[in-house]
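Coordinates as given in coords.cif (mmCIF, C-alpha atoms):
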```cif
data_run
loop_
_atom_site.label_atom_id
_atom_site.label_comp_id
_atom_site.auth_asym_id
_atom_site.auth_seq_id
_atom_site.Cartn_x
_atom_site.Cartn_y
_atom_site.Cartn_z
CA MET A 1 103.39 106.28 169.81
CA ASP A 2 106.46 108.24 168.78
CA LYS A 3 108.46 106.83 165.90
CA SER A 4 111.94 105.40 166.35
CA PHE A 5 114.73 106.58 164.05
CA ASP A 6 117.98 105.14 162.80
CA ILE A 7 120.36 107.76 161.42
CA ILE A 8 122.75 106.02 159.03
CA VAL A 9 126.04 107.76 158.24
CA THR A 10 128.28 106.33 155.52
CA VAL A 11 131.99 107.12 155.78
CA TYR A 12 134.92 106.83 153.40
CA ASN A 13 138.10 108.75 154.28
CA THR A 14 136.08 111.69 155.60
CA ALA A 15 138.28 114.31 157.26
CA PRO A 16 137.72 114.27 161.05
CA LYS A 17 136.82 117.98 161.09
CA TYR A 18 133.88 117.28 158.77
CA LEU A 19 132.94 113.97 160.35
CA SER A 20 132.89 115.48 163.83
CA ARG A 21 130.70 118.33 162.56
CA CYS A 22 128.26 115.75 161.18
CA LEU A 23 128.19 113.53 164.27
CA ASP A 24 128.00 116.48 166.68
CA SER A 25 124.79 117.58 164.95
CA ILE A 26 123.34 114.09 165.36
CA VAL A 27 124.18 113.48 169.02
CA SER A 28 122.76 116.93 169.82
CA LEU A 29 119.30 116.01 168.55
CA GLU A 30 116.53 116.66 171.05
CA TYR A 31 114.78 113.32 170.73
CA ASP A 32 114.87 110.19 172.85
CA ASN A 33 114.18 107.28 170.52
CA PHE A 34 116.93 107.21 167.90
CA SER A 35 120.15 105.39 167.20
CA LEU A 36 123.25 106.23 165.17
CA THR A 37 124.70 103.71 162.73
CA ILE A 38 128.04 104.48 161.10
CA VAL A 39 129.07 102.36 158.12
CA ASP A 40 132.74 102.67 157.19
CA ASP A 41 133.35 101.73 153.55
CA CYS A 42 136.92 100.48 154.10
CA SER A 43 138.52 103.85 154.80
CA THR A 44 142.28 103.99 154.25
CA ASN A 45 142.93 107.44 155.73
CA ILE A 46 144.72 107.01 159.07
CA GLU A 47 143.05 110.07 160.61
CA THR A 48 139.58 108.82 159.66
CA ILE A 49 140.28 105.34 161.02
CA SER A 50 141.64 106.75 164.27
CA PHE A 51 138.65 109.08 164.69
CA LEU A 52 136.16 106.25 164.17
CA LYS A 53 137.89 104.13 166.83
CA GLY A 54 137.25 106.89 169.36
CA VAL A 55 133.66 107.75 168.40
CA LYS A 56 131.90 105.75 171.13
CA GLU A 57 134.15 107.16 173.84
CA ARG A 58 133.81 110.69 172.42
CA TYR A 59 130.03 110.57 172.76
CA SER A 60 129.76 108.21 175.73
CA ASP A 61 128.05 110.85 177.88
CA LYS A 62 125.22 111.35 175.37
CA GLY A 63 123.41 108.11 176.18
CA ILE A 64 122.88 107.35 172.49
CA GLU A 65 122.93 103.90 170.91
CA ILE A 66 125.89 103.98 168.50
CA GLU A 67 126.95 101.14 166.23
CA ILE A 68 129.94 101.19 163.88
CA ILE A 69 129.93 98.69 161.03
CA TYR A 70 133.09 98.09 159.02
CA SER A 71 132.41 96.99 155.45
CA LYS A 72 134.43 94.03 154.21
CA SER A 73 135.09 95.72 150.86
CA ASN A 74 135.10 99.19 149.38
CA GLY A 75 131.82 99.02 147.46
CA GLY A 76 130.82 102.67 147.40
CA VAL A 77 128.15 104.68 149.16
CA GLY A 78 125.31 102.57 147.77
CA GLN A 79 126.66 99.36 149.25
CA ALA A 80 127.35 101.11 152.56
CA ARG A 81 123.79 102.45 152.75
CA ASN A 82 122.41 98.98 152.00
CA ILE A 83 124.46 97.54 154.85
CA GLY A 84 123.10 100.17 157.23
CA LEU A 85 119.52 99.65 156.04
CA LYS A 86 119.65 95.86 156.44
CA ASN A 87 121.13 96.28 159.91
CA SER A 88 118.50 98.76 161.10
CA LYS A 89 115.64 97.81 163.43
CA LYS A 90 113.95 101.22 163.75
CA ASP A 91 110.71 102.53 162.23
CA LEU A 92 112.30 105.26 160.12
CA VAL A 93 115.72 105.66 158.50
CA TRP A 94 117.61 108.82 157.54
CA PHE A 95 120.76 108.51 155.41
CA ILE A 96 123.27 111.27 156.18
CA ASP A 97 126.45 112.12 154.26
CA SER A 98 129.41 112.22 156.61
CA ASP A 99 130.52 115.72 155.60
CA ASP A 100 127.06 117.30 156.03
CA ARG A 101 124.99 117.97 159.13
CA ILE A 102 121.45 118.09 160.47
CA SER A 103 120.55 121.75 160.77
CA LYS A 104 118.08 121.75 163.68
CA PRO A 105 118.29 120.03 167.08
CA ASP A 106 114.52 119.45 166.95
CA ALA A 107 114.58 117.92 163.43
CA LEU A 108 113.38 114.50 164.62
CA VAL A 109 110.63 116.10 166.68
CA ILE A 110 109.38 117.91 163.58
CA ILE A 111 109.56 114.77 161.43
CA ASN A 112 107.83 112.66 164.08
CA GLN A 113 104.95 115.16 164.21
CA TYR A 114 104.25 114.60 160.52
CA TRP A 115 104.22 110.83 160.98
CA GLN A 116 101.87 111.14 163.96
CA LYS A 117 99.44 113.08 161.80
CA PHE A 118 99.90 110.89 158.69
CA PRO A 119 100.99 107.39 159.83
CA ASN A 120 101.06 105.94 156.32
CA ILE A 121 103.85 108.15 154.95
CA ASP A 122 106.47 106.17 153.04
CA ILE A 123 108.81 109.08 152.26
CA LEU A 124 109.05 112.53 153.85
CA SER A 125 111.04 115.06 151.79
CA PHE A 126 112.17 118.40 153.22
CA ALA A 127 114.19 121.48 152.30
CA ILE A 128 117.94 121.96 152.67
CA THR A 129 120.52 124.75 152.87
CA SER A 130 123.59 124.50 150.60
CA TYR A 131 127.12 125.73 151.36
CA ASP A 132 130.32 125.51 149.30
CA ASP A 133 133.93 125.15 150.34
CA THR A 134 134.80 128.78 149.63
CA ASP A 135 132.92 129.83 152.75
CA PHE A 136 131.28 127.24 154.99
CA ASP A 137 129.70 129.97 157.10
CA LYS A 138 127.82 131.59 154.23
CA PRO A 139 124.98 129.70 152.54
CA VAL A 140 125.11 129.45 148.75
CA LEU A 141 121.43 128.65 148.56
CA LYS A 142 119.45 129.26 151.71
CA HIS A 143 116.36 127.25 152.50
CA ARG A 144 115.98 125.59 149.12
CA LYS A 145 112.28 124.83 148.99
CA HIS A 146 110.18 122.66 146.77
CA THR A 147 108.31 124.54 144.07
CA THR A 148 105.14 122.89 145.34
CA CYS A 149 104.56 121.73 148.88
CA PHE A 150 101.88 119.10 149.36
CA PRO A 151 100.36 119.40 152.86
CA THR A 152 99.29 115.74 152.85
CA PRO A 153 100.92 112.60 151.45
CA THR A 154 100.68 112.57 147.67
CA SER A 155 101.40 110.21 144.81
CA ILE A 156 103.92 110.06 142.00
CA GLU A 157 101.27 111.50 139.67
CA ASN A 158 101.12 114.75 141.63
CA TYR A 159 104.87 114.74 142.03
CA VAL A 160 105.60 114.67 138.31
CA ASP A 161 103.10 117.44 137.62
CA GLY A 162 104.15 119.64 140.52
CA CYS A 163 106.98 119.28 142.97
CA LYS A 164 110.48 119.36 141.49
CA ASP A 165 112.22 117.56 144.33
CA LYS A 166 115.98 117.27 144.71
CA PRO A 167 117.33 113.72 144.34
CA GLY A 168 119.57 113.56 147.43
CA VAL A 169 118.52 110.79 149.82
CA TRP A 170 119.76 112.92 152.72
CA SER A 171 116.81 115.28 152.21
CA LYS A 172 114.36 112.48 152.93
CA VAL A 173 113.36 110.18 155.75
CA TYR A 174 112.03 106.75 154.79
CA ASN A 175 109.75 104.19 156.34
CA ARG A 176 112.22 101.32 156.77
CA LEU A 177 109.73 98.55 156.04
CA PHE A 178 108.58 100.33 152.88
CA LEU A 179 112.14 100.11 151.52
CA LEU A 180 112.76 96.52 152.59
CA GLU A 181 109.39 95.04 151.62
CA ASN A 182 109.70 96.53 148.13
CA ASN A 183 113.39 95.62 147.80
CA LEU A 184 114.28 99.28 147.22
CA MET A 185 118.02 98.99 147.66
CA PHE A 186 120.70 101.41 146.54
CA SER A 187 122.74 100.82 143.42
CA ASN A 188 126.24 99.45 143.94
CA LYS A 189 127.57 101.46 140.99
CA ASN A 190 129.98 104.02 142.37
CA ILE A 191 129.22 106.75 139.83
CA TYR A 192 127.37 110.05 139.87
CA GLY A 193 123.58 109.77 140.00
CA GLU A 194 123.00 106.89 142.41
CA ASP A 195 120.58 109.08 144.40
CA VAL A 196 118.57 109.78 141.25
CA TYR A 197 118.21 106.06 140.57
CA HIS A 198 117.03 105.42 144.11
CA MET A 199 114.59 108.30 143.92
CA ILE A 200 113.09 106.94 140.70
CA ILE A 201 112.52 103.44 142.07
CA THR A 202 111.24 104.55 145.49
CA TYR A 203 108.86 107.19 144.15
CA SER A 204 107.48 104.72 141.61
CA LYS A 205 106.51 102.34 144.43
CA SER A 206 104.84 104.82 146.77
CA ASN A 207 101.47 106.56 146.91
CA ASN A 208 102.35 108.23 150.21
CA ILE A 209 105.09 110.81 149.59
CA MET A 210 105.03 113.97 151.65
CA PHE A 211 106.83 117.22 150.76
CA VAL A 212 107.32 119.83 153.47
CA LYS A 213 109.08 123.20 153.56
CA ASP A 214 110.88 122.67 156.85
CA CYS A 215 114.62 123.17 156.32
CA LEU A 216 116.31 120.36 158.24
CA TYR A 217 119.64 119.64 156.52
CA ASP A 218 122.86 121.48 155.69
CA TYR A 219 124.51 120.25 152.49
CA PHE A 220 128.20 121.10 152.00
CA ILE A 221 129.62 121.18 148.48
CA HIS A 222 133.26 120.07 148.25
CA SER A 223 135.24 120.43 145.02
CA ASN A 224 137.03 117.08 145.44
CA THR A 225 134.15 114.70 146.17
CA LEU A 226 132.64 112.00 143.94
CA THR A 227 129.75 114.37 143.28
CA THR A 228 131.74 117.40 142.18
CA GLY A 229 135.26 116.12 141.49
CA ARG A 230 134.62 115.35 137.82
CA THR A 231 133.49 117.34 134.82
CA ALA A 232 129.87 118.41 134.44
CA TYR A 233 129.81 116.55 131.12
CA LYS A 234 130.86 113.26 132.71
CA ARG A 235 128.42 113.68 135.60
CA ALA A 236 125.58 114.36 133.17
CA LEU A 237 126.38 111.19 131.20
CA GLU A 238 126.53 109.12 134.39
CA LEU A 239 123.20 110.63 135.45
CA LEU A 240 121.73 109.56 132.11
CA GLU A 241 122.99 106.02 132.71
CA PHE A 242 121.11 105.85 136.01
CA ASN A 243 117.98 107.23 134.33
CA LYS A 244 118.19 104.32 131.91
CA GLU A 245 118.49 101.83 134.79
CA GLY A 246 115.66 103.52 136.61
CA TYR A 247 113.38 103.24 133.61
CA GLU A 248 114.21 99.55 133.18
CA PHE A 249 113.14 99.06 136.81
CA ILE A 250 109.79 100.79 136.46
CA LYS A 251 108.73 100.37 132.82
CA ASN A 252 106.69 97.20 133.42
CA ASP A 253 105.73 98.02 136.97
CA HIS A 254 104.23 101.50 136.94
CA THR A 255 101.88 102.37 134.13
CA PHE A 256 101.65 106.06 134.91
CA ILE A 257 105.37 106.68 134.65
CA SER A 258 105.74 104.55 131.54
CA ASP A 259 102.90 106.42 129.85
CA ASN A 260 104.12 109.85 130.94
CA PHE A 261 107.83 109.40 130.60
CA ASP A 262 108.27 112.75 128.86
CA LYS A 263 107.33 114.57 132.07
CA PHE A 264 109.18 112.07 134.23
CA PHE A 265 112.36 112.30 132.16
CA ASN A 266 112.25 116.09 132.33
CA VAL A 267 112.07 116.04 136.12
CA PHE A 268 114.77 113.46 136.74
CA PHE A 269 117.22 114.30 133.98
CA TYR A 270 116.91 117.72 132.36
CA VAL A 271 116.17 119.60 135.60
CA ARG A 272 119.13 117.93 137.33
CA CYS A 273 121.42 118.47 134.34
CA PHE A 274 120.64 122.16 134.47
CA ASP A 275 121.87 122.17 138.07
CA ILE A 276 125.01 120.25 137.10
CA PHE A 277 126.05 122.61 134.32
CA ALA A 278 125.12 125.65 136.39
CA GLN A 279 127.58 124.48 139.06
CA GLY A 280 130.27 123.15 136.72
CA LYS A 281 133.19 124.99 135.18
CA ASP A 282 132.91 123.17 131.86
CA ASN A 283 129.45 124.44 131.01
CA ASP A 284 130.40 125.14 127.42
CA LYS A 285 127.88 124.84 124.60
CA GLN A 286 129.60 121.83 123.04
CA SER A 287 129.39 119.73 126.22
CA ILE A 288 125.76 120.65 126.76
CA ALA A 289 124.93 119.82 123.13
CA LEU A 290 126.59 116.39 123.40
CA VAL A 291 124.61 115.52 126.51
CA LYS A 292 121.37 116.66 124.89
CA GLU A 293 122.15 114.53 121.85
CA LYS A 294 122.68 111.38 123.93
CA ALA A 295 119.61 112.12 126.05
CA GLU A 296 117.46 112.61 122.96
CA GLU A 297 118.75 109.34 121.51
CA PHE A 298 117.75 107.51 124.69
CA TYR A 299 114.40 109.27 124.84
CA GLN A 300 113.51 108.41 121.23
CA LYS A 301 114.41 104.78 121.88
CA LEU A 302 111.99 104.74 124.82
CA LEU A 303 109.24 106.22 122.67
CA LYS A 304 109.70 103.47 120.07
CA GLN A 305 109.54 100.82 122.80
CA LYS A 306 106.40 102.34 124.25
CA ASN A 307 104.64 102.63 120.89
CA SER A 308 105.63 99.21 119.57
#
```

Conversion result in structure tokens:
Amino acid sequence: MDKSFDIIVTVYNTAPKYLSRCLDSIVSLEYDNFSLTIVDDCSTNIETISFLKGVKERYSDKGIEIEIIYSKSNGGVGQARNIGLKNSKKDLVWFIDSDDRISKPDALVIINQYWQKFPNIDILSFAITSYDDTDFDKPVLKHRKHTTCFPTPTSIENYVDGCKDKPGVWSKVYNRLFLLENNLMFSNKNIYGEDVYHMIITYSKSNNIMFVKDCLYDYFIHSNTLTTGRTAYKRALELLEFNKEGYEFIKNDHTFISDNFDKFFNVFFYVRCFDIFAQGKDNDKQSIALVKEKAEEFYQKLLKQKNS
């Protein structure tokens, strides 16, 4: 039987031109069994609020189940995703950023085919295309692919040794029950790196992660978002903070990761930091050195804990 999908879009003051681009890509999907859940995180922008009020009428001819949930407080993207997840009733969930888009109309067909072949998949991770706000028609990084593509569901052991996945939750589709039964909720901290934290805790709980090279998502880089609207140095420090939280979550629960944290730390922190400083304008040697110093301090503390 074909899988059912819930596409969860979190919104906070997203400009209508970007939000409409995102939603247009969703309602154009060539698949019957999916719903769209929009979670508004207390937007204050009048244009965003007005657009959301007209969403159901705008897409009324599409025959798609659309639900709009208004959060009672501005708790950040993590809280909004948790609200959408707890509300969902479908087999699979896909968390979409409201200024991005799904790149292929047959994306759900492709994803469903993998689940039909491998019904026990917990997480399916796929490739993306990146754009920046200097030219939204020209990809910055086309068809970003995993360095290793596992043709069948794999485990965290193979992941750490091979595939250097990107932490964005939008490049993954999850088995809903896998997330709920393991209490794999998103962090409510509204700082950079919440996706890394969620990736650490979800990957530590699963032995059925699948990596594919299909490019199914268009990621748009904006200079004034939470992700990019702060210095590379500050983002790297916030990322380190989430790595610390992630380790606290898994250290007594997953022997492999605890015993191989040097590899794990390299994947989730150093690889991502390289991306941050490569994109940032403050990629000076002093900032990089300070981050390395704090990361090394944290790492040495972990080693002492592990060896004590």

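One finds CA of Lys86 (chain A) at 22.2 Å from CA of Pro119 (chain A).
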
Inset, instruction - Run through the PyMOL selection byres ((chain A and resi 65-75) around 7) on the given coordinates and return the selected residues as a VMD selection string. - result: chain A and resid 35 to 42 56 63 to 64 76 to 77 79 188

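Our summary of the geometry notes that CA of Pro153 (chain A) is positioned 10.5 Å from CA of Lys117 (chain A).
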
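A straight line drawn from CA of Gly168 (chain A) to CA of Tyr59 (chain A) is 27.6 Å long.
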
Specify as a CSV table (one decimal) with C-alpha atoms, keeping the file's coordinate frame each residue included when the PyMOL selection byres ((chain A and resi 126) around 9) is applied to this file.
```csv
chain,number,residue,atom,x,y,z
A,124,LEU,CA,109.0,112.5,153.8
A,125,SER,CA,111.0,115.1,151.8
A,127,ALA,CA,114.2,121.5,152.3
A,128,ILE,CA,117.9,122.0,152.7
A,145,LYS,CA,112.3,124.8,149.0
A,146,HIS,CA,110.2,122.7,146.8
A,165,ASP,CA,112.2,117.6,144.3
A,171,SER,CA,116.8,115.3,152.2
A,172,LYS,CA,114.4,112.5,152.9
A,173,VAL,CA,113.4,110.2,155.8
A,210,MET,CA,105.0,114.0,151.6
A,211,PHE,CA,106.8,117.2,150.8
A,212,VAL,CA,107.3,119.8,153.5
A,213,LYS,CA,109.1,123.2,153.6
A,214,ASP,CA,110.9,122.7,156.8
A,215,CYS,CA,114.6,123.2,156.3
A,216,LEU,CA,116.3,120.4,158.2
A,217,TYR,CA,119.6,119.6,156.5
```

Legend entry - Proximity to Lys90 (chain A) - best of A:Arg176, A:Lys62, A:Lys189, A:His198, only C-alpha atoms: A:Arg176

Inset, instruction - List every protein, DNA or RNA residue that has an atom no more than 12 Å from (139.8, 116.9, 161.7) in the file's coordinate frame, counting all atoms listed in the file, and report them as a PyMOL selection string. - result: chain A and resi 13-22+45-52+99

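Here the PyMOL selection byres ((chain A and resi 94) around 7) captures the residues A:Asp6, A:Ile7, A:Ile8, A:Leu92, A:Val93, A:Phe95, A:Ile96, A:Trp170, A:Lys172, A:Val173, A:Tyr174.
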
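Closest approach to Ile102 (chain A) among A:Leu29, A:Leu177, A:Phe34, A:Asn208: A:Leu29, based on only C-alpha atoms.
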
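Across A:Val55, A:Arg81, A:Phe178, A:Glu194, the tightest approach to Ile123 (chain A) is made by A:Phe178 when counting all atoms listed in the file.
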
Inset, instruction - Measuring atom to atom with all atoms listed in the file, identify which of A:Asn207, A:Phe5, A:Ile201, A:Asp218 is nearest to Ser88 (chain A). - result: A:Phe5

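Of the listed residues A:Ile221, A:Asn182, A:Val169, A:Tyr12, the one whose atoms come nearest to Val196 (chain A) is A:Val169, with distances taken using only C-alpha atoms.
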